[in-house]
Amino acid sequence: MKRWTLWVPLAVFLAVVALAAWRLTGTSEAVVKSALVGKPLPEFMLPAMVEGKPGLNRADLATGKPRLLNVFASWCVPCIAEAPQLMKLKAAGVEIDAVAIKDTPGAVKAFLSRHGDPYARIGNDYDRIVQIGIGSSGVPETFVIDGQGRVAAQHIGDIRAEDVPKLLKALEDAR
Amino acid sequence: MSLLLGLALAVGTPVDLGYSQIPDAGKEAKAAELMGTLRCLVCQGQSIADSDVDMAADMRRIVRQKIAAGESPEAVRGWLIERYGSYVTYDPPLSWTTAPLWLAPLLLLGAGLWLARGTLRRRRK
């Protein structure tokens, strides 16, 4: 047997240690990306969440112009944090629809009057039918939907000030 | 409980499949087996059958509704993989990324046999 082959087991062992060290020291926070990005939205129809604002169905998201679909809840703290950014996007002319998860009309109404209302429509997604249907695993998440009702991009977590230009660009790219 | 369930069925109130079984025992068995191999996305490390968070119940409801409607467990698994990738299943399909899991033992066995052969040959000399 050649000399160098003696070192193979040690090299394999070190490779395993390195792999374990890399995985153990990395962030444990797993982000589950939607596999539906690039694919058409599924068919759905949600009733209105609050009085005076329509509910949401798939056809509303395929209007020929890219728009945002925000997955939120009144009980979600990062949703409060992203509210000003959504207002900024609305002010920039972006049309935003939403689905509210595990929520009540009263709580959503209070949330909107306190933190601003950037939404054109809000669907009541109490059972997470749309959320799971589009591969979202938490709140808040924001999806860029192109004019044909296709999912163009997904933003996971709250929208920060620095994410606003990225979303505007994603909306532009989805044209 | 069964009386309540019977009553609910009798008056036509739909049972919440997130928290109760499909009345058809055969379908429930299929759904239960499937749910034990689907990952709860927010608890990570538990299956949706094990977890008590509301999102797991929402996923169970969808799985049971689909199975009750006559879909096969593999079709339902495929539906979820289409949305969350193979991360959502504890029984991932064979692909380029999972191939090492299957091939590594065979390669290691081959390497072991090769090493053993070399050693035995030297001993014989």
# chains A, B, ... in the order shown; residues from 1 in each chain; ligands from 1
>>> select_by_dssp(residues="chain A", states="alpha helix (DSSP H)", output="PyMOL selection string")
chain A and resi 8-25+77-91+105-115+129-133+163-173
>>> interface_residues(of="chain A", to="chain B", cutoff="6 Å", atoms="only C-alpha atoms", output="list in words")
Ser34, Ala35, Leu36, Asp127 and Gly135 of chain A
>>> atom_distance(atom1="atom CA of A:Gly55", atom2="atom CA of A:Pro105")
12.0 Å
>>> atom_distance(atom1="atom CA of A:His115", atom2="atom CA of A:Ala83")
6.1 Å
>>> closest_residue(among="B:Leu103, B:Gly45, B:Gly112, B:Ala31", to="B:Ala68", atoms="only C-alpha atoms")
B:Ala31
>>> atom_distance(atom1="atom CA of A:Ile129", atom2="atom CA of A:Ala170")
25.3 Å
>>> select_by_dssp(residues="chain B", states="strand (DSSP E or B)", output="list in words")
Leu38, Arg39, Ser47 and Thr89 of chain B
>>> residues_around(residues="stretch 39-50 of chain A", least_positions_apart="6", cutoff="10 Å", atoms="only C-alpha atoms", output="PDB file with N, CA and C atoms, in the first residue's frame")
ATOM      1  N   LEU A  56     -60.687  38.645  -1.497  1.00  0.00           N
ATOM      2  CA  LEU A  56     -59.654  38.459  -2.511  1.00  0.00           C
ATOM      3  C   LEU A  56     -59.835  37.131  -3.220  1.00  0.00           C
ATOM      4  N   ASN A  57     -59.808  37.185  -4.554  1.00  0.00           N
ATOM      5  CA  ASN A  57     -59.714  35.914  -5.280  1.00  0.00           C
ATOM      6  C   ASN A  57     -58.635  36.010  -6.345  1.00  0.00           C
ATOM      7  N   ARG A  58     -58.344  34.885  -6.954  1.00  0.00           N
ATOM      8  CA  ARG A  58     -57.194  34.810  -7.838  1.00  0.00           C
ATOM      9  C   ARG A  58     -57.263  35.833  -8.976  1.00  0.00           C
ATOM     10  N   ALA A  59     -58.468  36.022  -9.518  1.00  0.00           N
ATOM     11  CA  ALA A  59     -58.625  36.922 -10.665  1.00  0.00           C
ATOM     12  C   ALA A  59     -58.193  38.354 -10.316  1.00  0.00           C
ATOM     13  N   ASP A  60     -58.355  38.739  -9.025  1.00  0.00           N
ATOM     14  CA  ASP A  60     -57.965  40.088  -8.599  1.00  0.00           C
ATOM     15  C   ASP A  60     -56.461  40.306  -8.743  1.00  0.00           C
ATOM     16  N   LEU A  61     -55.697  39.211  -8.785  1.00  0.00           N
ATOM     17  CA  LEU A  61     -54.239  39.323  -8.804  1.00  0.00           C
ATOM     18  C   LEU A  61     -53.668  39.159 -10.205  1.00  0.00           C
ATOM     19  N   ALA A  62     -54.552  39.000 -11.190  1.00  0.00           N
ATOM     20  CA  ALA A  62     -54.082  38.857 -12.571  1.00  0.00           C
ATOM     21  C   ALA A  62     -54.730  39.946 -13.407  1.00  0.00           C
ATOM     22  N   ALA A  98     -53.928  41.822   0.391  1.00  0.00           N
ATOM     23  CA  ALA A  98     -53.441  41.079   1.542  1.00  0.00           C
ATOM     24  C   ALA A  98     -54.345  39.912   1.873  1.00  0.00           C
ATOM     25  N   VAL A  99     -53.760  38.944   2.576  1.00  0.00           N
ATOM     26  CA  VAL A  99     -54.564  37.934   3.252  1.00  0.00           C
ATOM     27  C   VAL A  99     -54.212  38.024   4.730  1.00  0.00           C
ATOM     28  N   ALA A 100     -55.251  37.986   5.580  1.00  0.00           N
ATOM     29  CA  ALA A 100     -55.059  38.059   7.027  1.00  0.00           C
ATOM     30  C   ALA A 100     -55.218  36.662   7.606  1.00  0.00           C
ATOM     31  N   ILE A 101     -54.235  36.280   8.430  1.00  0.00           N
ATOM     32  CA  ILE A 101     -54.168  34.917   8.961  1.00  0.00           C
ATOM     33  C   ILE A 101     -54.706  34.876  10.391  1.00  0.00           C
ATOM     34  N   ASP A 103     -57.375  35.740  12.066  1.00  0.00           N
ATOM     35  CA  ASP A 103     -57.690  37.074  12.552  1.00  0.00           C
ATOM     36  C   ASP A 103     -59.191  37.297  12.669  1.00  0.00           C
ATOM     37  N   THR A 104     -59.549  38.408  13.304  1.00  0.00           N
ATOM     38  CA  THR A 104     -60.952  38.783  13.431  1.00  0.00           C
ATOM     39  C   THR A 104     -61.135  40.176  12.825  1.00  0.00           C
ATOM     40  N   PRO A 105     -62.341  40.471  12.302  1.00  0.00           N
ATOM     41  CA  PRO A 105     -62.578  41.782  11.675  1.00  0.00           C
ATOM     42  C   PRO A 105     -62.231  42.933  12.621  1.00  0.00           C
ATOM     43  N   GLY A 106     -62.624  42.821  13.894  1.00  0.00           N
ATOM     44  CA  GLY A 106     -62.366  43.903  14.849  1.00  0.00           C
ATOM     45  C   GLY A 106     -60.880  44.172  15.025  1.00  0.00           C
ATOM     46  N   ALA A 107     -60.106  43.081  15.172  1.00  0.00           N
ATOM     47  CA  ALA A 107     -58.673  43.229  15.400  1.00  0.00           C
ATOM     48  C   ALA A 107     -57.977  43.811  14.175  1.00  0.00           C
ATOM     49  N   VAL A 108     -58.401  43.385  12.983  1.00  0.00           N
ATOM     50  CA  VAL A 108     -57.784  43.902  11.761  1.00  0.00           C
ATOM     51  C   VAL A 108     -58.113  45.388  11.595  1.00  0.00           C
ATOM     52  N   LYS A 109     -59.380  45.735  11.877  1.00  0.00           N
ATOM     53  CA  LYS A 109     -59.797  47.131  11.768  1.00  0.00           C
ATOM     54  C   LYS A 109     -58.936  48.013  12.684  1.00  0.00           C
ATOM     55  N   ARG A 121     -57.404  45.251  -1.118  1.00  0.00           N
ATOM     56  CA  ARG A 121     -58.330  44.171  -0.732  1.00  0.00           C
ATOM     57  C   ARG A 121     -57.698  43.356   0.390  1.00  0.00           C
ATOM     58  N   ILE A 122     -58.539  42.819   1.244  1.00  0.00           N
ATOM     59  CA  ILE A 122     -58.033  41.911   2.273  1.00  0.00           C
ATOM     60  C   ILE A 122     -58.915  40.674   2.324  1.00  0.00           C
ATOM     61  N   GLY A 123     -58.320  39.520   2.073  1.00  0.00           N
ATOM     62  CA  GLY A 123     -59.054  38.261   2.163  1.00  0.00           C
ATOM     63  C   GLY A 123     -58.894  37.663   3.550  1.00  0.00           C
ATOM     64  N   ASN A 124     -59.967  37.068   4.043  1.00  0.00           N
ATOM     65  CA  ASN A 124     -59.919  36.406   5.349  1.00  0.00           C
ATOM     66  C   ASN A 124     -59.411  34.981   5.167  1.00  0.00           C
ATOM     67  N   ASP A 125     -58.151  34.761   5.512  1.00  0.00           N
ATOM     68  CA  ASP A 125     -57.531  33.440   5.338  1.00  0.00           C
ATOM     69  C   ASP A 125     -57.327  32.793   6.697  1.00  0.00           C
ATOM     70  N   TYR A 126     -58.433  32.653   7.430  1.00  0.00           N
ATOM     71  CA  TYR A 126     -58.337  32.135   8.805  1.00  0.00           C
ATOM     72  C   TYR A 126     -57.637  30.773   8.848  1.00  0.00           C
ATOM     73  N   ILE A 129     -55.533  28.786   4.015  1.00  0.00           N
ATOM     74  CA  ILE A 129     -55.684  28.041   2.765  1.00  0.00           C
ATOM     75  C   ILE A 129     -54.810  28.664   1.672  1.00  0.00           C
ATOM     76  N   VAL A 130     -54.858  29.995   1.577  1.00  0.00           N
ATOM     77  CA  VAL A 130     -54.049  30.659   0.564  1.00  0.00           C
ATOM     78  C   VAL A 130     -52.582  30.668   0.983  1.00  0.00           C
ATOM     79  N   GLY A 133     -51.308  27.434   0.285  1.00  0.00           N
ATOM     80  CA  GLY A 133     -51.437  27.255  -1.163  1.00  0.00           C
ATOM     81  C   GLY A 133     -50.341  27.937  -1.961  1.00  0.00           C
ATOM     82  N   ILE A 134     -49.735  28.998  -1.384  1.00  0.00           N
ATOM     83  CA  ILE A 134     -48.661  29.680  -2.109  1.00  0.00           C
ATOM     84  C   ILE A 134     -47.286  29.419  -1.479  1.00  0.00           C
ATOM     85  N   ILE A 145     -46.571  39.540  -7.503  1.00  0.00           N
ATOM     86  CA  ILE A 145     -47.386  38.796  -8.462  1.00  0.00           C
ATOM     87  C   ILE A 145     -47.378  39.562  -9.788  1.00  0.00           C
ATOM     88  N   ASP A 146     -47.029  38.873 -10.871  1.00  0.00           N
ATOM     89  CA  ASP A 146     -46.992  39.584 -12.155  1.00  0.00           C
ATOM     90  C   ASP A 146     -48.408  39.744 -12.717  1.00  0.00           C
ATOM     91  N   GLN A 148     -50.008  38.384 -14.947  1.00  0.00           N
ATOM     92  CA  GLN A 148     -50.720  37.170 -15.350  1.00  0.00           C
ATOM     93  C   GLN A 148     -51.093  36.274 -14.168  1.00  0.00           C
ATOM     94  N   GLY A 149     -50.835  36.753 -12.943  1.00  0.00           N
ATOM     95  CA  GLY A 149     -51.160  35.936 -11.779  1.00  0.00           C
ATOM     96  C   GLY A 149     -50.099  34.895 -11.468  1.00  0.00           C
ATOM     97  N   ARG A 150     -48.878  35.187 -11.906  1.00  0.00           N
ATOM     98  CA  ARG A 150     -47.762  34.282 -11.634  1.00  0.00           C
ATOM     99  C   ARG A 150     -46.950  34.842 -10.459  1.00  0.00           C
ATOM    100  N   VAL A 151     -46.438  33.969  -9.599  1.00  0.00           N
ATOM    101  CA  VAL A 151     -45.617  34.431  -8.475  1.00  0.00           C
ATOM    102  C   VAL A 151     -44.233  34.774  -9.009  1.00  0.00           C
ATOM    103  N   ALA A 152     -43.862  36.046  -8.933  1.00  0.00           N
ATOM    104  CA  ALA A 152     -42.584  36.465  -9.514  1.00  0.00           C
ATOM    105  C   ALA A 152     -41.472  36.448  -8.468  1.00  0.00           C
TER     106      ALA A 152
ATOM    107  N   GLU B  82     -44.612  20.774  -4.147  1.00  0.00           N
ATOM    108  CA  GLU B  82     -44.730  21.827  -5.156  1.00  0.00           C
ATOM    109  C   GLU B  82     -44.680  23.213  -4.516  1.00  0.00           C
ATOM    110  N   ARG B  83     -45.120  23.312  -3.265  1.00  0.00           N
ATOM    111  CA  ARG B  83     -45.180  24.606  -2.581  1.00  0.00           C
ATOM    112  C   ARG B  83     -43.985  24.884  -1.685  1.00  0.00           C
TER     113      ARG B  83
END
>>> decode(residues="stretch 3-109 of chain A", atoms="C-alpha atoms", output="PDB file, in the first residue's frame")
ATOM      1  CA  ARG A   3       2.230   5.821   1.924  1.00  0.00           C
ATOM      2  CA  TRP A   4      -0.330   8.488   1.097  1.00  0.00           C
ATOM      3  CA  THR A   5      -3.322   6.169   1.403  1.00  0.00           C
ATOM      4  CA  LEU A   6      -2.649   6.024   5.155  1.00  0.00           C
ATOM      5  CA  TRP A   7      -3.806   9.640   5.347  1.00  0.00           C
ATOM      6  CA  VAL A   8      -7.145   9.031   3.625  1.00  0.00           C
ATOM      7  CA  PRO A   9      -9.080   8.047   6.794  1.00  0.00           C
ATOM      8  CA  LEU A  10      -7.767  11.128   8.639  1.00  0.00           C
ATOM      9  CA  ALA A  11      -8.735  13.363   5.708  1.00  0.00           C
ATOM     10  CA  VAL A  12     -12.233  11.847   5.642  1.00  0.00           C
ATOM     11  CA  PHE A  13     -12.538  12.287   9.417  1.00  0.00           C
ATOM     12  CA  LEU A  14     -11.470  15.950   9.215  1.00  0.00           C
ATOM     13  CA  ALA A  15     -13.929  16.524   6.385  1.00  0.00           C
ATOM     14  CA  VAL A  16     -16.759  15.157   8.567  1.00  0.00           C
ATOM     15  CA  VAL A  17     -15.655  17.341  11.513  1.00  0.00           C
ATOM     16  CA  ALA A  18     -15.509  20.385   9.254  1.00  0.00           C
ATOM     17  CA  LEU A  19     -18.995  19.649   7.888  1.00  0.00           C
ATOM     18  CA  ALA A  20     -20.424  19.244  11.401  1.00  0.00           C
ATOM     19  CA  ALA A  21     -18.676  22.409  12.656  1.00  0.00           C
ATOM     20  CA  TRP A  22     -19.997  24.377   9.703  1.00  0.00           C
ATOM     21  CA  ARG A  23     -23.584  23.233  10.183  1.00  0.00           C
ATOM     22  CA  LEU A  24     -23.508  23.549  13.984  1.00  0.00           C
ATOM     23  CA  THR A  25     -22.115  27.085  14.086  1.00  0.00           C
ATOM     24  CA  GLY A  26     -24.343  28.454  11.315  1.00  0.00           C
ATOM     25  CA  THR A  27     -27.665  30.130  12.064  1.00  0.00           C
ATOM     26  CA  SER A  28     -30.269  27.565  12.981  1.00  0.00           C
ATOM     27  CA  GLU A  29     -32.992  29.825  11.660  1.00  0.00           C
ATOM     28  CA  ALA A  30     -34.199  27.969   8.612  1.00  0.00           C
ATOM     29  CA  VAL A  31     -35.992  30.034   6.029  1.00  0.00           C
ATOM     30  CA  VAL A  32     -38.444  27.989   4.028  1.00  0.00           C
ATOM     31  CA  LYS A  33     -38.621  29.471   0.550  1.00  0.00           C
ATOM     32  CA  SER A  34     -41.733  29.017  -1.522  1.00  0.00           C
ATOM     33  CA  ALA A  35     -41.257  26.585  -4.388  1.00  0.00           C
ATOM     34  CA  LEU A  36     -44.124  28.314  -6.184  1.00  0.00           C
ATOM     35  CA  VAL A  37     -41.946  31.248  -7.292  1.00  0.00           C
ATOM     36  CA  GLY A  38     -42.085  31.342 -11.095  1.00  0.00           C
ATOM     37  CA  LYS A  39     -45.336  29.397 -11.177  1.00  0.00           C
ATOM     38  CA  PRO A  40     -48.956  30.527 -11.467  1.00  0.00           C
ATOM     39  CA  LEU A  41     -51.013  31.172  -8.342  1.00  0.00           C
ATOM     40  CA  PRO A  42     -53.539  28.481  -7.468  1.00  0.00           C
ATOM     41  CA  GLU A  43     -57.261  29.186  -7.814  1.00  0.00           C
ATOM     42  CA  PHE A  44     -58.777  30.619  -4.616  1.00  0.00           C
ATOM     43  CA  MET A  45     -61.572  32.807  -3.304  1.00  0.00           C
ATOM     44  CA  LEU A  46     -61.486  34.444   0.127  1.00  0.00           C
ATOM     45  CA  PRO A  47     -64.299  36.385   1.819  1.00  0.00           C
ATOM     46  CA  ALA A  48     -63.760  39.974   2.926  1.00  0.00           C
ATOM     47  CA  MET A  49     -61.883  40.471   6.195  1.00  0.00           C
ATOM     48  CA  VAL A  50     -63.245  43.905   7.081  1.00  0.00           C
ATOM     49  CA  GLU A  51     -66.382  45.792   6.180  1.00  0.00           C
ATOM     50  CA  GLY A  52     -66.086  48.150   3.247  1.00  0.00           C
ATOM     51  CA  LYS A  53     -63.101  46.408   1.686  1.00  0.00           C
ATOM     52  CA  PRO A  54     -63.469  43.556  -0.785  1.00  0.00           C
ATOM     53  CA  GLY A  55     -62.210  40.023  -0.223  1.00  0.00           C
ATOM     54  CA  LEU A  56     -59.654  38.459  -2.511  1.00  0.00           C
ATOM     55  CA  ASN A  57     -59.714  35.914  -5.280  1.00  0.00           C
ATOM     56  CA  ARG A  58     -57.194  34.810  -7.838  1.00  0.00           C
ATOM     57  CA  ALA A  59     -58.625  36.922 -10.665  1.00  0.00           C
ATOM     58  CA  ASP A  60     -57.965  40.088  -8.599  1.00  0.00           C
ATOM     59  CA  LEU A  61     -54.239  39.323  -8.804  1.00  0.00           C
ATOM     60  CA  ALA A  62     -54.082  38.857 -12.571  1.00  0.00           C
ATOM     61  CA  THR A  63     -55.006  42.322 -13.773  1.00  0.00           C
ATOM     62  CA  GLY A  64     -52.172  42.859 -16.230  1.00  0.00           C
ATOM     63  CA  LYS A  65     -50.197  44.979 -13.758  1.00  0.00           C
ATOM     64  CA  PRO A  66     -47.765  43.542 -11.181  1.00  0.00           C
ATOM     65  CA  ARG A  67     -48.882  43.893  -7.565  1.00  0.00           C
ATOM     66  CA  LEU A  68     -47.938  42.823  -4.096  1.00  0.00           C
ATOM     67  CA  LEU A  69     -49.665  40.169  -2.026  1.00  0.00           C
ATOM     68  CA  ASN A  70     -48.936  40.663   1.661  1.00  0.00           C
ATOM     69  CA  VAL A  71     -49.495  37.835   4.143  1.00  0.00           C
ATOM     70  CA  PHE A  72     -50.084  39.443   7.539  1.00  0.00           C
ATOM     71  CA  ALA A  73     -51.934  39.285  10.838  1.00  0.00           C
ATOM     72  CA  SER A  74     -52.981  41.872  13.404  1.00  0.00           C
ATOM     73  CA  TRP A  75     -51.318  39.760  16.132  1.00  0.00           C
ATOM     74  CA  CYS A  76     -47.957  39.721  14.345  1.00  0.00           C
ATOM     75  CA  VAL A  77     -45.366  42.118  15.754  1.00  0.00           C
ATOM     76  CA  PRO A  78     -43.050  42.329  12.704  1.00  0.00           C
ATOM     77  CA  CYS A  79     -46.171  43.205  10.700  1.00  0.00           C
ATOM     78  CA  ILE A  80     -46.350  46.429  12.729  1.00  0.00           C
ATOM     79  CA  ALA A  81     -42.683  47.057  11.920  1.00  0.00           C
ATOM     80  CA  GLU A  82     -43.242  46.739   8.173  1.00  0.00           C
ATOM     81  CA  ALA A  83     -46.447  48.806   8.082  1.00  0.00           C
ATOM     82  CA  PRO A  84     -44.644  52.127   7.341  1.00  0.00           C
ATOM     83  CA  GLN A  85     -42.756  50.494   4.444  1.00  0.00           C
ATOM     84  CA  LEU A  86     -45.992  49.183   2.952  1.00  0.00           C
ATOM     85  CA  MET A  87     -47.409  52.720   3.223  1.00  0.00           C
ATOM     86  CA  LYS A  88     -44.318  53.981   1.364  1.00  0.00           C
ATOM     87  CA  LEU A  89     -44.845  51.388  -1.369  1.00  0.00           C
ATOM     88  CA  LYS A  90     -48.483  52.400  -1.642  1.00  0.00           C
ATOM     89  CA  ALA A  91     -47.439  56.050  -1.921  1.00  0.00           C
ATOM     90  CA  ALA A  92     -45.101  55.001  -4.764  1.00  0.00           C
ATOM     91  CA  GLY A  93     -48.160  53.751  -6.646  1.00  0.00           C
ATOM     92  CA  VAL A  94     -47.883  50.058  -5.842  1.00  0.00           C
ATOM     93  CA  GLU A  95     -51.156  48.177  -5.499  1.00  0.00           C
ATOM     94  CA  ILE A  96     -51.117  45.900  -2.474  1.00  0.00           C
ATOM     95  CA  ASP A  97     -53.579  43.156  -1.598  1.00  0.00           C
ATOM     96  CA  ALA A  98     -53.441  41.079   1.542  1.00  0.00           C
ATOM     97  CA  VAL A  99     -54.564  37.934   3.252  1.00  0.00           C
ATOM     98  CA  ALA A 100     -55.059  38.059   7.027  1.00  0.00           C
ATOM     99  CA  ILE A 101     -54.168  34.917   8.961  1.00  0.00           C
ATOM    100  CA  LYS A 102     -56.074  33.703  12.055  1.00  0.00           C
ATOM    101  CA  ASP A 103     -57.690  37.074  12.552  1.00  0.00           C
ATOM    102  CA  THR A 104     -60.952  38.783  13.431  1.00  0.00           C
ATOM    103  CA  PRO A 105     -62.578  41.782  11.675  1.00  0.00           C
ATOM    104  CA  GLY A 106     -62.366  43.903  14.849  1.00  0.00           C
ATOM    105  CA  ALA A 107     -58.673  43.229  15.400  1.00  0.00           C
ATOM    106  CA  VAL A 108     -57.784  43.902  11.761  1.00  0.00           C
ATOM    107  CA  LYS A 109     -59.797  47.131  11.768  1.00  0.00           C
TER     108      LYS A 109
END
